[in-house]
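The next block is input22.cif, given as mmCIF, C-alpha atoms.
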data_entry
#
loop_
_atom_site.label_atom_id
_atom_site.label_comp_id
_atom_site.auth_asym_id
_atom_site.auth_seq_id
_atom_site.Cartn_x
_atom_site.Cartn_y
_atom_site.Cartn_z
CA MET A 27 0.00 0.00 0.00
CA LYS A 28 1.41 3.35 -1.08
CA LYS A 29 1.44 5.98 1.65
CA ILE A 30 1.02 9.57 0.57
CA PRO A 31 1.17 12.65 2.78
CA ASP A 32 -2.10 14.22 3.89
CA TYR A 33 -1.57 17.47 2.00
CA ARG A 34 -4.98 18.76 3.01
CA LYS A 35 -4.04 18.62 6.71
CA ILE A 36 -0.49 19.89 6.13
CA TYR A 37 -1.57 22.98 4.21
CA THR A 38 -4.61 23.62 6.42
CA ASP A 39 -2.40 23.66 9.51
CA LEU A 40 0.23 25.78 7.76
CA ILE A 41 -2.33 28.37 6.70
CA HIS A 42 -4.09 28.46 10.10
CA LYS A 43 -0.93 28.69 12.18
CA ARG A 44 1.45 30.76 10.08
CA PHE A 45 -0.62 32.60 7.46
CA PRO A 46 -4.15 33.35 8.72
CA GLU A 47 -4.35 36.23 6.22
CA LYS A 48 -4.23 33.61 3.43
CA SER A 49 -7.34 31.80 4.68
CA HIS A 50 -8.95 32.24 1.24
CA LEU A 51 -6.63 29.45 0.05
CA LEU A 52 -8.53 26.99 2.23
CA ALA A 53 -11.24 26.94 -0.44
CA LEU A 54 -8.75 25.23 -2.76
CA LEU A 55 -8.37 22.44 -0.21
CA ASP A 56 -12.11 21.72 -0.09
CA LYS A 57 -12.05 19.61 -3.25
CA LYS A 58 -13.06 15.99 -2.88
CA GLU A 59 -9.81 14.81 -4.44
CA LEU A 60 -6.64 16.91 -4.50
CA THR A 61 -4.34 16.41 -7.47
CA ALA A 62 -0.64 17.13 -7.56
CA LEU A 63 -1.43 20.20 -9.69
CA ASP A 64 -3.68 21.53 -6.92
CA ILE A 65 -0.86 21.07 -4.42
CA ILE A 66 1.60 22.82 -6.75
CA ASP A 67 -0.86 25.72 -7.13
CA ILE A 68 -1.25 26.15 -3.38
CA ASP A 69 2.49 25.77 -2.89
CA ASN A 70 3.19 28.46 -5.49
CA ARG A 71 0.77 30.84 -3.81
CA LEU A 72 2.53 30.35 -0.49
CA SER A 73 6.10 30.11 -1.81
CA PRO A 74 6.88 33.84 -1.61
CA LEU A 75 6.00 33.53 2.08
CA VAL A 76 7.68 30.23 2.92
CA GLN A 77 10.27 28.15 1.09
CA ILE A 78 8.79 24.65 1.00
CA ASP A 79 9.09 24.03 -2.71
CA ASN A 80 12.28 22.02 -2.98
CA PRO A 81 11.83 20.18 -6.30
CA LYS A 82 14.08 17.38 -5.08
CA PHE A 83 11.27 16.15 -2.83
CA ARG A 84 8.38 16.43 -5.26
CA SER A 85 6.75 13.39 -6.77
CA TYR A 86 4.13 13.13 -9.47
CA ASP A 87 1.68 10.38 -10.30
CA LYS A 88 1.04 9.25 -13.86
CA LYS A 89 -2.24 11.18 -14.09
CA THR A 90 -0.52 14.45 -13.16
CA ILE A 91 2.39 13.85 -15.52
CA LEU A 92 -0.02 13.29 -18.39
CA LYS A 93 -1.92 16.48 -17.48
CA ILE A 94 1.32 18.48 -17.51
CA LEU A 95 2.34 16.99 -20.87
CA ASP A 96 -1.14 17.68 -22.26
CA TYR A 97 -0.93 21.27 -20.99
CA GLN A 98 2.42 21.61 -22.74
CA LYS A 99 1.03 20.26 -26.01
CA LYS A 100 -2.20 22.31 -25.85
CA ASN A 101 -0.35 25.57 -25.19
CA ARG A 102 2.54 24.68 -27.52
CA TYR A 103 5.10 25.28 -24.78
CA SER A 104 8.72 24.22 -24.96
CA ASN A 105 10.33 22.24 -22.15
CA ILE A 106 11.94 25.44 -20.88
CA GLU A 107 8.56 27.21 -20.66
CA ILE A 108 7.09 24.26 -18.74
CA GLU A 109 10.14 24.35 -16.47
CA ARG A 110 9.38 27.97 -15.60
CA GLU A 111 5.64 27.37 -15.25
CA PHE A 112 5.77 24.36 -12.91
CA GLY A 113 9.32 24.41 -11.53
CA ILE A 114 10.13 21.03 -13.07
CA SER A 115 13.48 20.37 -14.71
CA ARG A 116 13.41 20.38 -18.51
CA ASN A 117 15.34 17.11 -18.39
CA THR A 118 12.54 15.61 -16.33
CA ILE A 119 9.99 16.82 -18.89
CA SER A 120 12.03 15.20 -21.68
CA LYS A 121 12.22 11.96 -19.71
CA TRP A 122 8.45 11.98 -19.17
CA ARG A 123 7.82 12.61 -22.86
CA LYS A 124 9.97 9.60 -23.76
CA MET A 125 8.31 7.41 -21.13
CA PHE A 126 4.67 8.28 -21.75
CA LEU A 127 4.33 9.65 -25.26
CA MET A 128 6.69 7.40 -27.20
CA LYS A 129 4.92 4.13 -26.28
#
Here is a file; write its structure as structure tokens.
Amino acid sequence: MKKIPDYRKIYTDLIHKRFPEKSHLLALLDKKELTALDIIDIDNRLSPLVQIDNPKFRSYDKKTILKILDYQKKNRYSNIEIEREFGISRNTISKWRKMFLMK
């Protein structure tokens, strides 16, 4: 069984304890199912306030990877533009493209 962090609880506590002025972000956590893109969005909104976005510790499920690659294709972005948008290495994007789109 794969254990994943309870991001809803982590970010709820973080917002309540350290950033009560950002309580409007709690609405983003009310979704039935949080995707990795939702977590990235919340993280990016808090990142100017707190540095918790070390890309070394991020992980993405297949569904999220395919959404990012679809977003890249739909918007006709290069790997460098996706790197800037999501904070993911362009080498990682290339690796994902080879893994999921070349099959």
Result set, the PyMOL selection byres ((chain A and resi 95-103) around 12) on current file, as a JSON list (two decimals) with C-alpha atoms, keeping the file's coordinate frame:
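The resulting out_29.json:
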[["chain", "number", "residue", "atom", "x", "y", "z"],
["A", 63, "LEU", "CA", -1.43, 20.20, -9.69],
["A", 88, "LYS", "CA", 1.04, 9.25, -13.86],
["A", 89, "LYS", "CA", -2.24, 11.18, -14.09],
["A", 90, "THR", "CA", -0.52, 14.45, -13.16],
["A", 91, "ILE", "CA", 2.39, 13.85, -15.52],
["A", 92, "LEU", "CA", -0.02, 13.29, -18.39],
["A", 93, "LYS", "CA", -1.92, 16.48, -17.48],
["A", 94, "ILE", "CA", 1.32, 18.48, -17.51],
["A", 104, "SER", "CA", 8.72, 24.22, -24.96],
["A", 105, "ASN", "CA", 10.33, 22.24, -22.15],
["A", 106, "ILE", "CA", 11.94, 25.44, -20.88],
["A", 107, "GLU", "CA", 8.56, 27.21, -20.66],
["A", 108, "ILE", "CA", 7.09, 24.26, -18.74],
["A", 109, "GLU", "CA", 10.14, 24.35, -16.47],
["A", 110, "ARG", "CA", 9.38, 27.97, -15.60],
["A", 111, "GLU", "CA", 5.64, 27.37, -15.25],
["A", 112, "PHE", "CA", 5.77, 24.36, -12.91],
["A", 114, "ILE", "CA", 10.13, 21.03, -13.07],
["A", 116, "ARG", "CA", 13.41, 20.38, -18.51],
["A", 118, "THR", "CA", 12.54, 15.61, -16.33],
["A", 119, "ILE", "CA", 9.99, 16.82, -18.89],
["A", 120, "SER", "CA", 12.03, 15.20, -21.68],
["A", 121, "LYS", "CA", 12.22, 11.96, -19.71],
["A", 122, "TRP", "CA", 8.45, 11.98, -19.17],
["A", 123, "ARG", "CA", 7.82, 12.61, -22.86],
["A", 124, "LYS", "CA", 9.97, 9.60, -23.76],
["A", 125, "MET", "CA", 8.31, 7.41, -21.13],
["A", 126, "PHE", "CA", 4.67, 8.28, -21.75],
["A", 127, "LEU", "CA", 4.33, 9.65, -25.26]]
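Comparing the minimum interatomic distances between Leu72 in chain A and each of A:Arg84, A:Lys58, A:Lys48, A:Lys29, counting all atoms listed in the file, we find that A:Lys48 sits nearest.
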**Atomic distance CA of Leu54 in chain A - CA of Asn117 in chain A, expressed in Å with one decimal** = 29.8 Å
**Asked** Which neighbours of Ala53 in chain A fall inside 12 Å, counting only C-alpha atoms, when residues of the same chain fewer than 5 positions from it are skipped, and could you give them as an MDAnalysis selection string?
**Response** chainID A and resid 34 37:38 41 48 58 60 64 68
Return the padded bounding box of range 27-39 of chain A as lines of an AutoDock Vina configuration file: axis-aligned, built from all atoms listed in the file, 5 Å added on each side, with centre and edge lengths in Å to one decimal.
center_x = -1.8
center_y = 11.8
center_z = 4.2
size_x = 16.4
size_y = 33.7
size_z = 20.6
**Request:** One decimal, Å: what's the distance from CA of Glu59 in chain A over to CA of Pro46 in chain A, could you say?
**Result:**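 Here the two named atoms are 23.4 Å from each other.
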**Request:** Work out how far apart CA of Lys35 in chain A and CA of Ser115 in chain A are and give it in Å to one decimal.
**Result:**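 Between CA of Lys35 in chain A and CA of Ser115 in chain A the gap is 27.7 Å.
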**Request:** Pick out the closest residue to Asp87 in chain A from this set: A:Ile36, A:Ile30, A:Ala62, A:Leu51. Count all atoms listed in the file.
**Result:**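 So, comparing all the options, the nearest one is A:Ala62.
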